[in-house]
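J.: What follows is the file query16.tsv, containing TSV, C-alpha atoms and all ligand atoms:
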```
chain	number	residue	atom	x	y	z
A	1	MET	CA	0.00	0.00	0.00
A	2	PRO	CA	1.30	3.50	-0.78
A	3	SER	CA	2.68	5.81	1.86
A	4	LEU	CA	1.44	9.40	2.23
A	5	PHE	CA	4.88	10.41	0.97
A	6	ASP	CA	4.70	8.45	-2.28
A	7	PRO	CA	4.01	10.38	-5.48
A	8	ILE	CA	0.70	10.09	-7.31
A	9	ARG	CA	-0.57	11.10	-10.73
A	10	LEU	CA	-3.76	13.11	-10.52
A	11	GLY	CA	-4.69	13.19	-14.19
A	12	ALA	CA	-2.12	15.46	-15.85
A	13	ILE	CA	-0.74	16.62	-12.51
A	14	ALA	CA	2.22	14.78	-10.98
A	15	ALA	CA	1.94	15.22	-7.21
A	16	PRO	CA	5.13	14.36	-5.30
A	17	ASN	CA	3.16	13.25	-2.22
A	18	ARG	CA	-0.41	12.36	-1.24
A	19	ILE	CA	-0.87	15.16	1.30
A	20	LEU	CA	-3.12	17.67	-0.48
A	21	MET	CA	-4.16	21.08	0.76
A	22	ALA	CA	-7.97	21.25	0.97
A	23	PRO	CA	-9.74	24.38	-0.31
A	24	LEU	CA	-9.86	27.07	2.39
A	25	THR	CA	-11.71	30.38	2.06
A	26	ARG	CA	-9.60	33.06	3.77
A	27	GLY	CA	-11.14	36.37	2.66
A	28	ARG	CA	-7.88	38.12	1.79
A	29	ALA	CA	-8.88	39.46	-1.66
A	30	THR	CA	-10.23	42.97	-2.28
A	31	ARG	CA	-13.83	44.07	-2.13
A	32	GLU	CA	-13.91	43.66	-5.91
A	33	HIS	CA	-12.75	40.06	-5.39
A	34	VAL	CA	-9.25	40.67	-6.77
A	35	PRO	CA	-6.40	38.55	-5.29
A	36	THR	CA	-3.79	40.43	-3.24
A	37	ALA	CA	-0.01	40.11	-2.81
A	38	ILE	CA	-0.20	38.33	0.57
A	39	MET	CA	-2.08	35.49	-1.12
A	40	ALA	CA	1.05	34.70	-3.16
A	41	ASP	CA	3.10	34.45	0.04
A	42	TYR	CA	0.47	32.32	1.79
A	43	TYR	CA	0.18	29.76	-0.99
A	44	ALA	CA	3.95	29.68	-1.66
A	45	GLN	CA	4.47	28.85	2.03
A	46	ARG	CA	2.32	25.76	1.46
A	47	ALA	CA	3.90	24.64	-1.84
A	48	SER	CA	5.18	21.36	-0.34
A	49	ALA	CA	1.62	19.99	-0.55
A	50	GLY	CA	1.26	17.27	-3.16
A	51	LEU	CA	-1.29	19.66	-4.65
A	52	ILE	CA	-2.87	22.87	-3.39
A	53	ILE	CA	-6.58	23.25	-4.02
A	54	SER	CA	-7.23	26.99	-3.88
A	55	GLU	CA	-9.82	28.69	-1.75
A	56	ALA	CA	-13.24	28.72	-3.40
A	57	THR	CA	-13.17	31.29	-6.20
A	58	GLY	CA	-16.26	32.89	-7.72
A	59	ILE	CA	-17.06	32.12	-11.35
A	60	SER	CA	-19.38	35.11	-11.71
A	61	ARG	CA	-20.81	38.01	-9.78
A	62	GLU	CA	-24.07	36.06	-9.52
A	63	GLY	CA	-22.24	33.13	-7.90
A	64	LEU	CA	-20.12	34.89	-5.28
A	65	GLY	CA	-21.47	36.09	-1.95
A	66	TRP	CA	-18.53	35.95	0.41
A	67	PRO	CA	-16.82	39.15	1.58
A	68	TYR	CA	-13.32	39.57	0.16
A	69	ALA	CA	-13.27	36.13	-1.50
A	70	PRO	CA	-11.49	36.05	-4.87
A	71	GLY	CA	-13.08	35.68	-8.29
A	72	LEU	CA	-12.08	34.57	-11.76
A	73	TRP	CA	-14.53	36.36	-13.99
A	74	THR	CA	-12.74	39.63	-14.78
A	75	ASP	CA	-9.41	40.33	-16.48
A	76	GLU	CA	-8.24	42.17	-13.38
A	77	GLN	CA	-8.93	39.15	-11.15
A	78	THR	CA	-7.24	36.83	-13.64
A	79	GLU	CA	-4.12	39.00	-13.85
A	80	ALA	CA	-3.92	39.25	-10.07
A	81	TRP	CA	-3.93	35.44	-9.72
A	82	ARG	CA	-0.81	35.21	-11.92
A	83	PRO	CA	1.73	36.16	-9.22
A	84	VAL	CA	0.01	33.69	-6.89
A	85	THR	CA	0.38	30.68	-9.20
A	86	GLN	CA	3.84	31.88	-10.19
A	87	ALA	CA	4.96	32.00	-6.55
A	88	VAL	CA	3.66	28.46	-5.97
A	89	HIS	CA	5.42	27.15	-9.08
A	90	ASP	CA	8.64	29.00	-8.23
A	91	THR	CA	8.59	27.27	-4.83
A	92	GLY	CA	8.15	23.87	-6.50
A	93	GLY	CA	4.39	23.48	-5.98
A	94	ARG	CA	1.22	22.86	-7.94
A	95	ILE	CA	-2.17	24.58	-7.55
A	96	VAL	CA	-5.67	24.13	-8.97
A	97	ALA	CA	-8.47	26.70	-8.69
A	98	GLN	CA	-11.66	25.71	-6.91
A	99	LEU	CA	-14.56	27.07	-8.98
A	100	TRP	CA	-17.47	28.32	-6.90
A	101	HIS	CA	-21.08	29.24	-7.53
A	102	MET	CA	-22.80	29.60	-4.17
A	103	GLY	CA	-26.39	29.51	-5.45
A	104	ARG	CA	-28.91	30.36	-2.71
A	105	ILE	CA	-26.11	31.12	-0.24
A	106	VAL	CA	-25.45	34.45	-2.02
A	107	HIS	CA	-27.15	37.28	-0.13
A	108	PRO	CA	-29.09	39.80	-2.29
A	109	ASP	CA	-26.70	42.52	-1.03
A	110	PHE	CA	-24.12	41.08	-3.44
A	111	LEU	CA	-26.65	41.08	-6.29
A	112	GLY	CA	-27.92	44.63	-6.20
A	113	GLY	CA	-30.96	43.38	-4.29
A	114	ASP	CA	-31.86	40.53	-6.69
A	115	ARG	CA	-32.75	37.07	-5.39
A	116	PRO	CA	-30.00	34.43	-5.61
A	117	VAL	CA	-30.45	31.50	-7.99
A	118	SER	CA	-30.79	27.84	-7.03
A	119	SER	CA	-32.42	24.66	-8.28
A	120	SER	CA	-35.69	25.72	-6.63
A	121	ALA	CA	-37.28	28.45	-4.55
A	122	THR	CA	-35.87	27.61	-1.11
A	123	THR	CA	-34.17	29.43	1.75
A	124	ALA	CA	-31.00	28.23	3.46
A	125	PRO	CA	-31.13	28.09	7.24
A	126	GLY	CA	-28.93	30.47	9.19
A	127	GLN	CA	-27.24	33.67	8.17
A	128	ALA	CA	-25.16	34.90	5.25
A	129	HIS	CA	-21.76	36.57	5.63
A	130	THR	CA	-22.12	40.03	4.06
A	131	TYR	CA	-20.20	43.31	4.17
A	132	ALA	CA	-22.88	44.53	6.58
A	133	GLY	CA	-22.33	41.57	8.96
A	134	LYS	CA	-24.47	38.45	9.24
A	135	GLN	CA	-27.93	38.61	7.70
A	136	PRO	CA	-30.63	35.97	7.18
A	137	TYR	CA	-30.55	34.20	3.83
A	138	ALA	CA	-33.11	35.21	1.23
A	139	GLU	CA	-35.39	32.91	-0.73
A	140	SER	CA	-33.80	31.82	-4.00
A	141	ARG	CA	-35.44	31.75	-7.40
A	142	PRO	CA	-35.23	28.62	-9.58
A	143	LEU	CA	-32.64	28.89	-12.33
A	144	GLY	CA	-34.51	28.92	-15.66
A	145	ILE	CA	-33.72	26.18	-18.17
A	146	ASP	CA	-32.96	28.98	-20.64
A	147	GLU	CA	-30.30	30.31	-18.22
A	148	ILE	CA	-28.30	27.08	-18.09
A	149	PRO	CA	-26.28	27.76	-21.28
A	150	ARG	CA	-25.22	31.08	-19.74
A	151	LEU	CA	-24.25	29.31	-16.49
A	152	LEU	CA	-22.15	26.82	-18.47
A	153	ASP	CA	-20.51	29.77	-20.25
A	154	ASP	CA	-19.67	31.28	-16.86
A	155	TYR	CA	-17.93	28.06	-15.79
A	156	ALA	CA	-16.10	27.91	-19.14
A	157	ARG	CA	-14.90	31.53	-18.83
A	158	ALA	CA	-13.66	30.96	-15.27
A	159	THR	CA	-11.82	27.82	-16.40
A	160	LYS	CA	-10.22	29.67	-19.30
A	161	ASN	CA	-9.22	32.46	-16.93
A	162	ALA	CA	-7.81	29.96	-14.41
A	163	LEU	CA	-5.56	28.46	-17.07
A	164	ALA	CA	-4.56	31.93	-18.30
A	165	ALA	CA	-3.68	32.79	-14.68
A	166	GLY	CA	-1.32	29.81	-14.55
A	167	PHE	CA	-3.36	27.32	-12.51
A	168	ASP	CA	-2.52	23.65	-13.18
A	169	GLY	CA	-6.20	22.81	-13.40
A	170	VAL	CA	-9.54	23.41	-11.70
A	171	GLN	CA	-11.74	21.74	-9.15
A	172	LEU	CA	-15.52	22.14	-9.46
A	173	HIS	CA	-16.97	22.92	-6.03
A	174	ALA	CA	-19.95	20.55	-5.95
A	175	ALA	CA	-19.97	20.23	-2.14
A	176	ASN	CA	-21.09	21.95	1.05
A	177	GLY	CA	-24.58	23.02	0.02
A	178	TYR	CA	-23.63	25.38	-2.84
A	179	LEU	CA	-25.23	25.58	-6.28
A	180	ILE	CA	-24.26	22.20	-7.77
A	181	ASP	CA	-25.05	20.49	-4.45
A	182	GLN	CA	-28.41	22.31	-4.43
A	183	PHE	CA	-29.16	20.49	-7.70
A	184	LEU	CA	-27.73	17.11	-6.63
A	185	ARG	CA	-29.62	16.57	-3.39
A	186	ASP	CA	-33.36	16.12	-3.08
A	187	GLY	CA	-33.59	18.19	0.13
A	188	ALA	CA	-33.04	21.34	-1.96
A	189	ASN	CA	-33.92	20.28	-5.51
A	190	LYS	CA	-37.72	20.37	-5.94
A	191	ARG	CA	-37.72	20.78	-9.73
A	192	SER	CA	-40.03	18.81	-11.97
A	193	ASP	CA	-38.12	19.38	-15.24
A	194	ARG	CA	-35.15	17.41	-16.60
A	195	TYR	CA	-32.88	18.85	-13.88
A	196	GLY	CA	-34.97	17.57	-10.96
A	197	GLY	CA	-36.69	14.46	-9.64
A	198	SER	CA	-34.75	11.26	-10.38
A	199	PRO	CA	-31.06	10.95	-9.44
A	200	GLU	CA	-30.30	10.90	-13.18
A	201	ASN	CA	-31.98	14.30	-13.57
A	202	ARG	CA	-30.37	15.80	-10.48
A	203	ILE	CA	-26.93	14.74	-11.79
A	204	ARG	CA	-27.56	16.38	-15.17
A	205	LEU	CA	-26.29	19.87	-14.32
A	206	LEU	CA	-23.14	18.45	-12.67
A	207	VAL	CA	-22.34	16.41	-15.77
A	208	GLU	CA	-23.02	19.30	-18.14
A	209	VAL	CA	-20.81	21.62	-16.09
A	210	VAL	CA	-17.97	19.09	-15.80
A	211	GLU	CA	-18.12	18.29	-19.52
A	212	ARG	CA	-17.98	21.99	-20.30
A	213	ILE	CA	-15.06	22.62	-17.93
A	214	ALA	CA	-13.26	19.57	-19.33
A	215	SER	CA	-13.78	20.88	-22.88
A	216	VAL	CA	-11.69	23.90	-21.86
A	217	ALA	CA	-9.13	22.45	-19.42
A	218	GLY	CA	-9.07	18.81	-20.48
A	219	ALA	CA	-10.64	16.13	-18.29
A	220	ASP	CA	-7.19	15.35	-16.89
A	221	ARG	CA	-6.99	18.86	-15.39
A	222	THR	CA	-10.57	18.82	-14.08
A	223	ALA	CA	-11.39	17.68	-10.54
A	224	VAL	CA	-14.62	17.64	-8.49
A	225	ARG	CA	-15.45	17.90	-4.79
A	226	PHE	CA	-18.57	16.34	-3.17
A	227	SER	CA	-19.88	16.25	0.40
A	228	PRO	CA	-22.32	13.37	0.03
A	229	ASN	CA	-23.26	12.79	3.66
A	230	GLY	CA	-25.42	14.69	6.04
A	231	ASP	CA	-26.75	18.21	6.17
A	232	THR	CA	-24.54	20.94	4.77
A	233	GLN	CA	-26.00	24.44	4.90
A	234	GLY	CA	-29.45	22.89	4.90
A	235	VAL	CA	-28.80	20.67	1.87
A	236	ILE	CA	-29.37	16.97	2.50
A	237	ASP	CA	-30.39	13.90	0.53
A	238	SER	CA	-32.83	11.19	1.56
A	239	ASP	CA	-30.63	8.49	-0.03
A	240	PRO	CA	-27.11	9.79	-0.75
A	241	GLU	CA	-25.83	6.60	-2.40
A	242	SER	CA	-28.60	6.70	-4.99
A	243	VAL	CA	-27.34	10.01	-6.38
A	244	PHE	CA	-23.63	10.20	-5.53
A	245	VAL	CA	-22.67	6.73	-6.77
A	246	PRO	CA	-24.05	7.30	-10.30
A	247	ALA	CA	-22.63	10.83	-10.21
A	248	ALA	CA	-19.16	9.45	-9.43
A	249	ARG	CA	-19.56	6.83	-12.15
A	250	ALA	CA	-20.41	9.57	-14.68
A	251	LEU	CA	-17.33	11.55	-13.63
A	252	GLY	CA	-15.19	8.44	-14.09
A	253	GLN	CA	-16.56	8.10	-17.61
A	254	ILE	CA	-15.60	11.70	-18.35
A	255	GLY	CA	-12.12	10.79	-17.04
A	256	ILE	CA	-11.63	13.54	-14.47
A	257	ALA	CA	-8.26	13.92	-12.71
A	258	PHE	CA	-9.57	13.11	-9.22
A	259	LEU	CA	-12.62	13.21	-7.00
A	260	GLU	CA	-12.42	14.63	-3.49
A	261	LEU	CA	-14.99	13.73	-0.82
A	262	ARG	CA	-15.58	15.73	2.33
A	263	GLU	CA	-17.18	13.34	4.78
A	264	PRO	CA	-18.29	13.65	8.38
A	265	GLY	CA	-15.30	13.24	10.66
A	266	PRO	CA	-15.15	11.00	13.72
A	267	ASP	CA	-16.33	13.80	16.00
A	268	GLY	CA	-19.44	14.45	13.92
A	269	THR	CA	-18.75	18.17	13.62
A	270	PHE	CA	-19.54	18.40	9.93
A	271	GLY	CA	-22.63	17.13	8.15
A	272	SER	CA	-23.60	15.13	11.22
A	273	THR	CA	-25.66	12.17	10.10
A	274	ALA	CA	-26.64	8.62	10.84
A	275	GLN	CA	-26.34	7.84	7.12
A	276	PRO	CA	-23.44	5.50	6.33
A	277	LYS	CA	-20.49	7.08	4.51
A	278	VAL	CA	-20.81	6.95	0.73
A	279	SER	CA	-17.07	6.76	0.07
A	280	PRO	CA	-16.78	2.92	0.09
A	281	ALA	CA	-19.51	2.66	-2.57
A	282	ILE	CA	-17.98	5.50	-4.58
A	283	ARG	CA	-14.63	3.72	-4.37
A	284	GLN	CA	-16.22	0.75	-6.16
A	285	ALA	CA	-17.92	2.88	-8.83
A	286	PHE	CA	-15.12	5.35	-9.54
A	287	ASP	CA	-11.89	3.94	-10.91
A	288	ARG	CA	-9.79	7.12	-10.81
A	289	PRO	CA	-7.90	8.77	-7.91
A	290	LEU	CA	-10.08	9.27	-4.85
A	291	VAL	CA	-9.17	11.86	-2.21
A	292	LEU	CA	-10.80	11.90	1.23
A	293	ASN	CA	-11.07	14.81	3.66
A	294	GLN	CA	-12.23	15.87	7.12
A	295	ASP	CA	-10.55	15.48	10.46
A	296	PHE	CA	-7.61	13.38	9.32
A	297	SER	CA	-4.38	13.09	11.31
A	298	GLY	CA	-1.19	11.70	9.81
A	299	ALA	CA	-1.98	8.29	11.33
A	300	THR	CA	-5.62	8.09	10.21
A	301	ALA	CA	-4.63	9.38	6.75
A	302	GLN	CA	-2.08	6.60	6.36
A	303	ALA	CA	-4.65	4.10	7.62
A	304	ALA	CA	-7.12	5.26	4.93
A	305	LEU	CA	-4.46	4.64	2.28
A	306	ASP	CA	-3.56	1.29	3.85
A	307	SER	CA	-7.19	0.16	3.83
A	308	GLY	CA	-7.45	1.00	0.13
A	309	LEU	CA	-10.28	3.47	0.72
A	310	ALA	CA	-8.36	6.46	-0.60
A	311	ASP	CA	-5.42	7.34	-2.84
A	312	ALA	CA	-4.62	10.66	-1.16
A	313	ILE	CA	-5.87	12.81	1.73
A	314	ALA	CA	-6.76	16.51	1.73
A	315	PHE	CA	-6.02	18.46	4.93
A	316	GLY	CA	-7.83	21.73	5.67
A	317	ARG	CA	-7.23	23.26	9.12
A	318	PRO	CA	-3.92	21.39	9.61
A	319	PHE	CA	-2.58	22.99	6.41
A	320	LEU	CA	-4.00	26.37	7.34
A	321	ALA	CA	-1.94	26.37	10.56
A	322	ASN	CA	1.08	24.35	9.37
A	323	PRO	CA	2.63	25.63	6.15
A	324	ASP	CA	5.14	22.75	6.27
A	325	LEU	CA	2.53	20.06	6.99
A	326	PRO	CA	4.15	17.27	4.91
A	327	GLU	CA	7.46	17.72	6.75
A	328	ARG	CA	5.71	17.78	10.12
A	329	LEU	CA	3.84	14.57	9.27
A	330	ARG	CA	7.04	12.95	8.05
A	331	ARG	CA	8.78	13.74	11.34
A	332	ALA	CA	5.64	13.08	13.43
A	333	ALA	CA	6.20	16.59	14.81
A	334	PRO	CA	3.51	18.43	16.79
A	335	LEU	CA	1.07	20.52	14.77
A	336	ASN	CA	0.22	24.19	15.38
A	337	PRO	CA	-3.49	24.55	16.25
A	338	ASP	CA	-5.45	26.83	13.91
A	339	VAL	CA	-7.01	30.02	15.23
A	340	ALA	CA	-10.61	30.39	14.09
A	341	ALA	CA	-10.71	34.11	14.89
A	342	THR	CA	-8.34	34.80	11.97
A	343	TRP	CA	-9.82	32.32	9.47
A	344	TYR	CA	-11.51	35.14	7.55
A	345	SER	CA	-9.92	38.25	9.08
A	346	ARG	CA	-8.19	40.51	6.61
A	347	GLY	CA	-4.43	41.02	6.50
A	348	PRO	CA	-1.39	38.88	7.32
A	349	GLU	CA	-2.16	38.04	10.95
A	350	GLY	CA	-3.18	34.39	11.34
A	351	TYR	CA	-2.35	34.03	7.65
A	352	LEU	CA	1.36	34.40	7.00
A	353	ASP	CA	2.66	33.98	10.55
A	354	TYR	CA	2.12	30.30	11.38
A	355	PRO	CA	5.61	28.92	12.09
A	356	THR	CA	7.38	26.13	10.26
A	357	LEU	CA	9.59	23.62	12.04
A	358	GLU	CA	12.53	25.39	10.48
A	359	SER	CA	11.52	28.82	11.77
A	360	GLU	CA	10.84	27.35	15.22
A	361	GLU	CA	14.30	25.78	15.29
A	362	GLU	CA	15.94	29.02	14.21
A	363	GLU	CA	14.07	30.87	16.93
A	364	ALA	CA	15.11	28.30	19.55
A	365	GLU	CA	18.76	28.59	18.46
A	366	ALA	CA	18.64	32.38	18.58
A	367	ALA	CA	17.22	32.20	22.09
A	368	GLU	CA	20.06	29.95	23.35
B	1	LIG	C1	-11.58	28.47	7.24
B	1	LIG	C2	-12.17	27.42	6.35
B	1	LIG	C3	-12.49	27.73	5.05
B	1	LIG	C4	-13.00	26.75	4.19
B	1	LIG	N1	-13.24	27.06	2.88
B	1	LIG	C5	-13.62	26.10	2.02
B	1	LIG	C6	-13.71	26.37	0.63
B	1	LIG	O1	-13.43	27.49	0.16
B	1	LIG	N2	-14.12	25.37	-0.18
B	1	LIG	C7	-14.42	24.13	0.29
B	1	LIG	O2	-14.78	23.25	-0.49
B	1	LIG	N3	-14.31	23.83	1.61
B	1	LIG	C8	-13.89	24.78	2.46
B	1	LIG	N4	-13.70	24.47	3.79
B	1	LIG	C9	-13.76	23.07	4.21
B	1	LIG	C10	-12.34	22.47	4.17
B	1	LIG	O3	-11.89	22.32	2.85
B	1	LIG	C11	-12.33	21.08	4.83
B	1	LIG	O4	-13.31	20.29	4.22
B	1	LIG	C12	-12.58	21.13	6.32
B	1	LIG	O5	-11.73	22.06	6.97
B	1	LIG	C13	-12.37	19.75	6.96
B	1	LIG	O6	-11.05	19.32	6.75
B	1	LIG	P1	-10.01	19.33	7.98
B	1	LIG	O7	-10.63	18.49	9.07
B	1	LIG	O8	-8.75	18.73	7.43
B	1	LIG	O9	-9.86	20.76	8.41
B	1	LIG	C14	-13.23	25.44	4.67
B	1	LIG	C15	-12.95	25.14	6.01
B	1	LIG	C16	-12.40	26.10	6.85
B	1	LIG	C17	-12.06	25.74	8.27
```
Can you give me the file's structure in the form of structure tokens?
Ligand SMILES: Cc1cc2nc3c(=O)[nH]c(=O)nc-3n(C[C@H](O)[C@H](O)[C@H](O)COP(=O)(O)O)c2cc1C

T.:
Amino acid sequence: MPSLFDPIRLGAIAAPNRILMAPLTRGRATREHVPTAIMADYYAQRASAGLIISEATGISREGLGWPYAPGLWTDEQTEAWRPVTQAVHDTGGRIVAQLWHMGRIVHPDFLGGDRPVSSSATTAPGQAHTYAGKQPYAESRPLGIDEIPRLLDDYARATKNALAAGFDGVQLHAANGYLIDQFLRDGANKRSDRYGGSPENRIRLLVEVVERIASVAGADRTAVRFSPNGDTQGVIDSDPESVFVPAARALGQIGIAFLELREPGPDGTFGSTAQPKVSPAIRQAFDRPLVLNQDFSGATAQAALDSGLADAIAFGRPFLANPDLPERLRRAAPLNPDVAATWYSRGPEGYLDYPTLESEEEEAEAAE
């Protein structure tokens, strides 16, 4: 069985190890969703990941409702990503862009007062992050069938821009209760047309989007993320296997680079559910690289590889707080805890200042 430190081919991307950086929204772009210089430093610090999956990045104004999150729909945004990907490559790393349409999670404040789009007219529970603080979500309007070609164009433009910005590929964000997930799962999708009802219909938008992205980037530079289990931002499915197993099979037929699954961790903090994990069934149906995520330690990650359930593991909070995570795992060194108060705060604090083993050693020597 492979070790976490063995290389792996993820489609066209040669990853030198199986310790991936999970996508992490950090809110360090500008109000116009343009990447900033500190983002280049942050990602370059983490270039020893087998592969970095970028923070979720808006494909369109309609799809982005997170303060200071980056986008990939304007020339200015695209240009500003260039130094970021360049810094990662110069440090020996690889990075794909996570493409994000938030659907009903976008607050009307971001849309000039318009309602957000979704599969159906529904309202997410809880509150939206907006520039004016937290506000209740608004009811979405169902995306019209006649709007789907435009949505596919938005994904295609963002993919083209990602490649122009120097990304090694893209990951479609189809997890965590955002737009694609709002189509996939029957708790949010109440449509009666060809995009709703049966699992086959609920998968349709996903497949159309992935085919469109792959037509621009190549299937071998296209990845997808699902969160099949439990309730995420009010999106849930009555029978996750019935939709996610055929969805994974369809992605295998397209020949995507890898599929990443965010599943409930052992402590039940995310997507808490009594439903059995879908990953073992997806493993059977999907014959390409499978990446698992949520609450992994070095030991449990290696165990997942040993059991044959996964080919690689994506780490979120551990990578946020440990820029040199692969080296720390290799040496079984202690990990810095992450500080939630600075997850989304602006500026370098809690962003660029997490120490590496090397910087800790230098500091200890200087203190002697
Ligand atoms: C601060 C923060 C931001 C996140 N942003 C994203 C994101 O942009 N896209 C995404 O798919 N998941 C996002 N997630 C979820 C993580 O990718 C990951 O699934 C989660 O942290 C669990 O993995 P971990 O236990 O290794 O931290 C975020 C999580 C955190 C803590």

J.: Taking only C-alpha atoms and all ligand atoms into account, which of A:Arg28, A:Arg283, A:Arg212, A:Arg150 comes nearest ligand LIG 1 (chain B)?

T.: A:Arg28

J.: Counting all atoms listed in the file, name the residues that have an atom within 9 Å of an atom of ligand LIG 1 (chain B); the answer should be given as a PyMOL selection string.

T.: chain A and resi 21-26+53-57+69+98-100+173-176+225-227+261-265+270+293-297+313-320+338+340+342-344

J.: Dump C-alpha atoms for the selected residues as a compact mmCIF listing (two decimals), in the coordinates of the input?

T.:
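Saved file result24.txt follows:
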```
# COMPACT_ATOMS: atom_id res chain seq x y z
CA MET A 21 -4.16 21.08 0.76
CA ALA A 22 -7.97 21.25 0.97
CA PRO A 23 -9.74 24.38 -0.31
CA LEU A 24 -9.86 27.07 2.39
CA THR A 25 -11.71 30.38 2.06
CA ARG A 26 -9.60 33.06 3.77
CA ILE A 53 -6.58 23.25 -4.02
CA SER A 54 -7.23 26.99 -3.88
CA GLU A 55 -9.82 28.69 -1.75
CA ALA A 56 -13.24 28.72 -3.40
CA THR A 57 -13.17 31.29 -6.20
CA ALA A 69 -13.27 36.13 -1.50
CA GLN A 98 -11.66 25.71 -6.91
CA LEU A 99 -14.56 27.07 -8.98
CA TRP A 100 -17.47 28.32 -6.90
CA HIS A 173 -16.97 22.92 -6.03
CA ALA A 174 -19.95 20.55 -5.95
CA ALA A 175 -19.97 20.23 -2.14
CA ASN A 176 -21.09 21.95 1.05
CA ARG A 225 -15.45 17.90 -4.79
CA PHE A 226 -18.57 16.34 -3.17
CA SER A 227 -19.88 16.25 0.40
CA LEU A 261 -14.99 13.73 -0.82
CA ARG A 262 -15.58 15.73 2.33
CA GLU A 263 -17.18 13.34 4.78
CA PRO A 264 -18.29 13.65 8.38
CA GLY A 265 -15.30 13.24 10.66
CA PHE A 270 -19.54 18.40 9.93
CA ASN A 293 -11.07 14.81 3.66
CA GLN A 294 -12.23 15.87 7.12
CA ASP A 295 -10.55 15.48 10.46
CA PHE A 296 -7.61 13.38 9.32
CA SER A 297 -4.38 13.09 11.31
CA ILE A 313 -5.87 12.81 1.73
CA ALA A 314 -6.76 16.51 1.73
CA PHE A 315 -6.02 18.46 4.93
CA GLY A 316 -7.83 21.73 5.67
CA ARG A 317 -7.23 23.26 9.12
CA PRO A 318 -3.92 21.39 9.61
CA PHE A 319 -2.58 22.99 6.41
CA LEU A 320 -4.00 26.37 7.34
CA ASP A 338 -5.45 26.83 13.91
CA ALA A 340 -10.61 30.39 14.09
CA THR A 342 -8.34 34.80 11.97
CA TRP A 343 -9.82 32.32 9.47
CA TYR A 344 -11.51 35.14 7.55
```

J.: Calculate how many Å separate atom CA of Val207 of chain A from atom CA of Ala247 of chain A, rounding to one decimal.

T.: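 Distance reported for this atom pair: 7.9 Å.
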
J.: Just give me the gap between atom CA of Val224 of chain A and atom CA of Arg330 of chain A in Å, one decimal is fine.

T.: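 Rounded to one decimal, the two atoms are 27.7 Å apart.
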
J.: Please report the interatomic distance between atom CA of Ala321 of chain A and atom CA of Leu335 of chain A in Å with one decimal.

T.: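 Result for atom CA of Ala321 of chain A versus atom CA of Leu335 of chain A: 7.8 Å, one decimal.
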
J.: Leaving out Ala29 of chain A and any residue of its chain fewer than 2 positions from it, which residues lie within 10 Å of it when counting all atoms listed in the file, given as number ranges by chain?

T.: A: 26-27, 31-39, 67-71, 77, 80, 346-347

J.: Name the closest residue to Gly58 of chain A among the candidates A:Glu365, A:Glu139, A:Asp154, A:Asp193; distances are taken between atoms, counting all atoms listed in the file.

T.: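 Among the listed residues, the smallest separation from Gly58 of chain A belongs to A:Asp154.
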
J.: Please identify all polymer residues within 8 Å of Ala47 of chain A, counting only C-alpha atoms, omitting same-chain residues fewer than 3 positions from it, and present them as a list in words.

T.: Tyr43, Ala44, Gly50, Leu51, Ile52, Val88, His89, Thr91, Gly92, Gly93 and Arg94 of chain A

J.: Counting all atoms listed in the file, which residues of segment 138-178 of chain A sit at most 7 Å from some atom of segment 107-118 of chain A, and what is each one's closest atom pair with its distance in Å to one decimal, listed by chain and rising residue number, as JSON lines?

T.:
```
{"residue": "A:Ala138", "atom": "CA", "partner": "A:His107", "partner_atom": "CA", "distance": 6.5}
{"residue": "A:Glu139", "atom": "CA", "partner": "A:Arg115", "partner_atom": "CA", "distance": 6.8}
{"residue": "A:Ser140", "atom": "CA", "partner": "A:Pro116", "partner_atom": "CA", "distance": 4.9}
{"residue": "A:Arg141", "atom": "CA", "partner": "A:Val117", "partner_atom": "CA", "distance": 5.0}
{"residue": "A:Pro142", "atom": "CA", "partner": "A:Ser118", "partner_atom": "CA", "distance": 5.2}
{"residue": "A:Leu143", "atom": "CA", "partner": "A:Val117", "partner_atom": "CA", "distance": 5.5}
```

J.: Could you rebuild segment 345-349 of chain A with N, CA, C and O atoms and give me the result as a PDB file, in the coordinates of the input?

T.:
```pdb
ATOM      1  N   SER A 345     -10.278  36.852   8.790  1.00  0.00           N
ATOM      2  CA  SER A 345      -9.920  38.250   9.080  1.00  0.00           C
ATOM      3  C   SER A 345      -9.032  38.735   7.934  1.00  0.00           C
ATOM      4  O   SER A 345      -8.377  37.950   7.263  1.00  0.00           O
ATOM      5  N   ARG A 346      -9.000  40.013   7.725  1.00  0.00           N
ATOM      6  CA  ARG A 346      -8.190  40.510   6.610  1.00  0.00           C
ATOM      7  C   ARG A 346      -6.745  40.693   7.082  1.00  0.00           C
ATOM      8  O   ARG A 346      -6.475  40.774   8.260  1.00  0.00           O
ATOM      9  N   GLY A 347      -5.815  40.731   6.141  1.00  0.00           N
ATOM     10  CA  GLY A 347      -4.430  41.020   6.500  1.00  0.00           C
ATOM     11  C   GLY A 347      -3.624  39.784   6.849  1.00  0.00           C
ATOM     12  O   GLY A 347      -4.139  38.654   6.835  1.00  0.00           O
ATOM     13  N   PRO A 348      -2.336  39.997   7.168  1.00  0.00           N
ATOM     14  CA  PRO A 348      -1.390  38.880   7.320  1.00  0.00           C
ATOM     15  C   PRO A 348      -1.494  38.123   8.639  1.00  0.00           C
ATOM     16  O   PRO A 348      -1.011  37.003   8.743  1.00  0.00           O
ATOM     17  N   GLU A 349      -2.125  38.707   9.650  1.00  0.00           N
ATOM     18  CA  GLU A 349      -2.160  38.040  10.950  1.00  0.00           C
ATOM     19  C   GLU A 349      -3.003  36.765  10.870  1.00  0.00           C
ATOM     20  O   GLU A 349      -4.113  36.762  10.330  1.00  0.00           O
TER      21      GLU A 349
END
```
